[in-house]
Amino acid sequence: MPKRDDLKKIMIIGAGPIVIGQACEFDYSGSQACKALKEEGYEVVLVNSNPATIMTDPELSDRTYIEPLTSDILEKIIEKERPCAILPTLGGQTALNLVSELAESGILESYDVELIGANLEAIEKAEDRLKFKEALQKIGVAVPRSAIASSVKSAILIAEEIGYPVIIRPAYTLGGAGGGIAYSLEELKNIVELGINYSRINQVLIEESVLGWKEYELEVMRDSADNVVIICSIENMDPMGVHTGDSITVAPVQTLSDREYQSLRDASLKIIREIGVDTGGSNIQFAVNPTDGRFVAIEMNPRVSRSSALASKATGFPIAKIAAKLAVGLTLPEIPNDITRETPASFEPTIDYVVVKIPKFAFEKFPGSDEILTTQMKSVGEVMAIGRTFEEALQKAVRSLENNTYGLFVDKFEKFSLEEIETYLSVPNSERLFCIASAVRKGMEVSQITKITGIDLWFIHKINNIVEMEKKISAYTMHNLPAQLLEDAKTMGFSDIRIGQLTGSGEKDIRKLRQELEIIPSYKMVDTCAAEFDAKTPYMYSTYEECDDDEPSRNKSKIAIIGSGPNRIGQGIEFDYCCVHACYALRELGIETVMINCNPETVSTDYDTSDRLYFEPLTLEDILNVLERERVAGVIIQFGGQTPLNLAKGLEDNGIPIIGTSLNSIDITEDREKFSLITGKLNIPTPSHGMASSVERAVQVAGIVISVLLIAD
């Protein structure tokens, strides 16, 4: 079908400020949509309130409004701009809630504005818990026993009938906000009251507990001709009870039989058709009983989500871009695949590697906060890693977290007794992965770990494989470490630092040994089709195999840019904005850009932002491997925040030219004492201060500072 010519001007609503549960994945989605619609010749009006995003750059849309995201402000903009349609599915829960308000108040009808991508009925059927339940029952897809409550009193009656524990799921909220698990009457009262207040329609679903069941997600896309494709299947390592945004997840699914997967696939096709998402992508979540394979549908997002961004980067299939084009009438067979340039978007992506996502938490910023993971999202970002095996991808993801952990080893858990470990493992938390590894080291049976955690035995066995390799490596020093064992360890994703720790040596020593033995990574391409067609876009990941999928250019001037890694409090989307603009500026100068990053939510890791994209951990080892392969003229580190700055000395020590701000200048600004000397030399006033490298010295300095203040007064 040809694209619609009755639509001239389309409004896109952004997601607003970055909050826990809604990070920069919607900047990525919104930016893709703006570019896609302009590419098709439509006038784009963007409304968002976040100045740190690429999508609010003036050149990305025809008209940009940086305004509060409220229905009254949107009405004024609609009155002025008179858009033909609004595309609401790319701005997260914020955009969906706003267009629902605009529709219910009659504003869209009065200005003759159409909703495209998902109509109001589809949004309501997916977001309203009762309507979603009724829709699924109509098509014969099982759901947990549940009932709707609009008051604490009715919730109590429902919970008594269903039996504790129960899951509370508010309607129209983001990241499970206001929801939770109630094991008692008092917990129920507290969660329901909060959930009703959070819900746009003051509604919560009281649901039968499926805690301990396995959780899966399917990213589904449908066009106006009723072509439906499954873009990606994702498996949560944690069982039901942990929000998918807070769980370690794996793509494609690993522990389902083909029969079970096909059952979920068939159910997904039924659901997206019944809910009525006519064009675009949806995220559908299922719970599967590990004992008998019975499954139930949990919920559906009739929009792109954080999982959609992950699925896009995992497969190379640009979900938001395709969704925007489907919304204006194009069909999947009519849209070319940008990576292969031979296949259409109707070809379901196939991947011949494993992708692991690990969430990033910031509990250290909130002392005293509850670190137990539940159905309400608490992560502030995430990292993604690609490997040929689960073990390799998992270990690459671990060192991408930037928490000074370069393997499945955290010292505090090694000091735990088995009883303490068992207690710790019984509650979902952000460090349970490392505690599992310690449990294996201490001899706990893998079956017992599965029983305590509810994590599938397959994953525990994979962690056990890593621990067994640690034991083999630690039997040697670097001087007698067999070359084959070193190669096997690298194939399993072990970092040079971790191998050094196990052999009583250092990262530099292992790196030198590897190079002498010619054990260096090869680089494979993310091509959407498991190498069936040649990829035209260099989107790379490292592994330890015999051959590369692609050879770097040797006749162009190249500059590498190091990204900012996972979102966290204090280092967010603003640095991705800087990295993207650096790519654009260098491209204008005719310089080939090499982007290195590990954050699946960002525009910098889009396949068409840079000339060559490497999805790799931001560690010295991984970055040096890329830079040596590409033979870049230099590397820019000043746009990615603190992460690349911390790598400056290591890069310079290895002969990598740093473009822009020099290491010496970085050192002066980062070292408080050196900076203090500069301000003193320039007679620039600064607060009274002093430097300390111990608690005792800090107390002395504090006394001196207080004395100076008292004298000044």
# chains A, B, ... in the order shown; residues from 1 in each chain; ligands from 1
call {"tool": "closest_atom_pairs", "arguments": {"of": "segment 68-114 of chain A", "to": "segment 300-303 of chain A", "cutoff": "10 Å", "atoms": "only C-alpha atoms", "output": "CSV"}}
result
residue,atom,partner,partner_atom,distance
A:Pro88,CA,A:Arg303,CA,8.0
A:Thr89,CA,A:Arg303,CA,4.4
A:Leu90,CA,A:Arg303,CA,6.3
A:Gly91,CA,A:Arg303,CA,8.3
A:Gly92,CA,A:Arg303,CA,7.0
A:Gln93,CA,A:Arg303,CA,8.3
A:Ala95,CA,A:Arg303,CA,9.7
A:Leu96,CA,A:Arg303,CA,8.2
call {"tool": "closest_atom_pairs", "arguments": {"of": "segment 237-268 of chain A", "to": "segment 137-145 of chain A", "cutoff": "12 Å", "atoms": "only C-alpha atoms", "output": "JSON lines"}}
result
{"residue": "A:Ser263", "atom": "CA", "partner": "A:Val141", "partner_atom": "CA", "distance": 10.2}
{"residue": "A:Leu264", "atom": "CA", "partner": "A:Val141", "partner_atom": "CA", "distance": 9.8}
{"residue": "A:Arg265", "atom": "CA", "partner": "A:Val141", "partner_atom": "CA", "distance": 11.8}
{"residue": "A:Asp266", "atom": "CA", "partner": "A:Val141", "partner_atom": "CA", "distance": 9.9}
{"residue": "A:Ala267", "atom": "CA", "partner": "A:Val141", "partner_atom": "CA", "distance": 6.6}
{"residue": "A:Ser268", "atom": "CA", "partner": "A:Val141", "partner_atom": "CA", "distance": 9.4}
call {"tool": "residues_around", "arguments": {"residues": "Gly650 of chain A", "least_positions_apart": "6", "cutoff": "10 Å", "atoms": "only C-alpha atoms", "output": "PyMOL selection string"}}
result
chain A and resi 619-621+624+656
call {"tool": "write_last_selection", "arguments": {"atoms": "C-alpha atoms", "output": "PDB file, in the first residue's frame"}}
result
ATOM      1  CA  THR A 619      37.003  -0.908  29.450  1.00  0.00           C
ATOM      2  CA  LEU A 620      40.594  -0.234  28.450  1.00  0.00           C
ATOM      3  CA  GLU A 621      40.990  -3.773  27.108  1.00  0.00           C
ATOM      4  CA  LEU A 624      42.208  -0.822  22.798  1.00  0.00           C
ATOM      5  CA  ILE A 656      46.620   6.297  21.443  1.00  0.00           C
TER       6      ILE A 656
END
call {"tool": "residues_around", "arguments": {"residues": "Asp223 of chain A", "least_positions_apart": "2", "cutoff": "6 Å", "atoms": "only C-alpha atoms", "output": "PyMOL selection string"}}
result
chain A and resi 225-227+279+326+331
call {"tool": "write_last_selection", "arguments": {"atoms": "C-alpha atoms", "output": "mmCIF file, in the first residue's frame"}}
result
data_model
loop_
_atom_site.group_PDB
_atom_site.id
_atom_site.type_symbol
_atom_site.label_atom_id
_atom_site.label_comp_id
_atom_site.auth_asym_id
_atom_site.auth_seq_id
_atom_site.Cartn_x
_atom_site.Cartn_y
_atom_site.Cartn_z
ATOM 1 C CA ALA A 225 -2.323 -5.180 5.642
ATOM 2 C CA ASP A 226 -2.283 -7.433 8.736
ATOM 3 C CA ASN A 227 1.270 -8.660 8.179
ATOM 4 C CA THR A 279 0.241 -0.356 12.695
ATOM 5 C CA LEU A 326 3.823 1.795 9.159
ATOM 6 C CA THR A 331 3.497 -2.019 4.808
#
call {"tool": "residues_around", "arguments": {"residues": "Pro17 of chain A", "least_positions_apart": "4", "cutoff": "12 Å", "atoms": "only C-alpha atoms", "output": "NGL selection string"}}
result
:A and (21-27 or 48-53 or 56 or 66-69 or 91-92 or 94 or 572-574)
call {"tool": "select_by_dssp", "arguments": {"residues": "segment 444-666 of chain A", "states": "helix (DSSP H, G or I)", "output": "ChimeraX atom specification"}}
result
/A:446-453,457-473,483-491,496-503,507-516,573-588,620-630,642-645,648-653,663-666
call {"tool": "residues_around", "arguments": {"residues": "Ile78 of chain A", "least_positions_apart": "6", "cutoff": "10 Å", "atoms": "only C-alpha atoms", "output": "number ranges by chain"}}
result
A: 11, 45, 72, 84-86, 107-108, 111, 113
call {"tool": "residues_around", "arguments": {"residues": "Ile386 of chain A", "least_positions_apart": "4", "cutoff": "12 Å", "atoms": "only C-alpha atoms", "output": "number ranges by chain"}}
result
A: 250-252, 310, 313-315, 351-358, 390-398, 400, 493, 523-526, 539-543, 598-600, 614-617
call {"tool": "decode", "arguments": {"residues": "segment 536-553 of chain A", "atoms": "N, CA and C atoms", "output": "CSV table (one decimal), in the first residue's frame"}}
result
chain,number,residue,atom,x,y,z
A,536,LYS,N,25.4,-4.2,4.9
A,536,LYS,CA,26.0,-3.0,4.4
A,536,LYS,C,26.4,-2.0,5.4
A,537,THR,N,25.9,-2.2,6.6
A,537,THR,CA,26.1,-1.2,7.7
A,537,THR,C,27.1,-1.9,8.8
A,538,PRO,N,28.3,-1.4,9.0
A,538,PRO,CA,29.2,-2.0,9.9
A,538,PRO,C,28.8,-1.8,11.4
A,539,TYR,N,28.0,-2.7,11.9
A,539,TYR,CA,27.6,-2.7,13.3
A,539,TYR,C,28.2,-4.0,13.9
A,540,MET,N,29.2,-3.8,14.8
A,540,MET,CA,30.1,-4.9,15.1
A,540,MET,C,30.1,-5.3,16.6
A,541,TYR,N,30.5,-6.5,16.9
A,541,TYR,CA,30.7,-6.9,18.2
A,541,TYR,C,31.9,-7.9,18.2
A,542,SER,N,32.6,-8.0,19.3
A,542,SER,CA,33.9,-8.8,19.4
A,542,SER,C,33.5,-10.2,19.9
A,543,THR,N,34.4,-11.1,19.5
A,543,THR,CA,34.3,-12.5,20.0
A,543,THR,C,35.7,-13.1,19.7
A,544,TYR,N,35.9,-14.3,20.1
A,544,TYR,CA,37.2,-14.9,19.9
A,544,TYR,C,37.0,-16.1,18.9
A,545,GLU,N,36.9,-15.8,17.6
A,545,GLU,CA,36.8,-16.8,16.6
A,545,GLU,C,37.8,-16.6,15.5
A,546,GLU,N,37.8,-17.4,14.5
A,546,GLU,CA,38.9,-17.4,13.6
A,546,GLU,C,38.9,-16.2,12.6
A,547,CYS,N,37.7,-15.8,12.2
A,547,CYS,CA,37.7,-14.8,11.1
A,547,CYS,C,36.8,-13.6,11.4
A,548,ASP,N,37.1,-12.5,10.8
A,548,ASP,CA,36.3,-11.3,10.9
A,548,ASP,C,35.2,-11.3,9.8
A,549,ASP,N,34.1,-10.7,10.1
A,549,ASP,CA,33.0,-10.5,9.1
A,549,ASP,C,33.3,-9.3,8.2
A,550,ASP,N,34.2,-8.4,8.6
A,550,ASP,CA,34.3,-7.2,7.8
A,550,ASP,C,35.7,-6.6,8.1
A,551,GLU,N,36.3,-6.1,7.0
A,551,GLU,CA,37.6,-5.5,7.2
A,551,GLU,C,37.5,-4.0,7.3
A,552,PRO,N,38.2,-3.4,8.2
A,552,PRO,CA,38.1,-1.9,8.3
A,552,PRO,C,38.8,-1.2,7.1
A,553,SER,N,38.3,0.0,6.8
A,553,SER,CA,38.9,0.8,5.7
A,553,SER,C,40.3,1.2,6.1
